[in-house]
Amino acid sequence: MATIWDPITIGNVEVKNRIAYPPMLSNLCSPDGYATRNMADYYAARAGGGAGMVTIEV
């Protein structure tokens with residue numbers, strides 16, 4: 001039986017574990033809706049925390 005720490009393949013992509021960070025509103029985009037450095041840093045911190053997959057807001 002697989003554990004949360006085991007890799008999983010989704011389509012053609014192998015994800016390092018089964019921990020996923022869901023999309024959440026961060027309000028870090030620019031007023032006209034573009035990504036900012038703060039937004040990139042926010043998601044980089046989430047990815048560096050060990051989640052195998054990070055889904056971002058649009």
# chains A, B, ... in the order shown; residues from 1 in each chain; ligands from 1

$ residues_around --residues "Val15 in chain A" --least-positions-apart "3" --cutoff "9 Å" --atoms "only C-alpha atoms" --output "PyMOL selection string"
chain A and resi 6-10+18+52-53

$ residues_around --residues "Gly33 in chain A" --least-positions-apart "3" --cutoff "9 Å" --atoms "only C-alpha atoms" --output "count of residues only"
3

$ residues_around --residues "Val54 in chain A" --least-positions-apart "2" --cutoff "7 Å" --atoms "only C-alpha atoms" --output "mmCIF file with C-alpha atoms, in the first residue's frame"
data_model
loop_
_atom_site.group_PDB
_atom_site.id
_atom_site.type_symbol
_atom_site.label_atom_id
_atom_site.label_comp_id
_atom_site.auth_asym_id
_atom_site.auth_seq_id
_atom_site.Cartn_x
_atom_site.Cartn_y
_atom_site.Cartn_z
ATOM 1 C CA ALA A 20 -0.634 18.710 -2.563
ATOM 2 C CA TYR A 21 -0.975 22.396 -1.719
ATOM 3 C CA PRO A 22 -4.399 23.564 -2.951
ATOM 4 C CA ALA A 47 7.113 24.421 -2.819
ATOM 5 C CA ALA A 51 4.648 19.631 -0.980
ATOM 6 C CA GLY A 52 4.919 17.386 -4.012
ATOM 7 C CA ILE A 56 -1.451 28.313 -7.920
#

$ select_by_dssp --residues "chain A" --states "strand (DSSP E or B)" --output "list in words"
Ile8, Thr9, Ile10, Val13, Glu14, Val15, Ala20, Tyr21, Met53 and Val54 of chain A
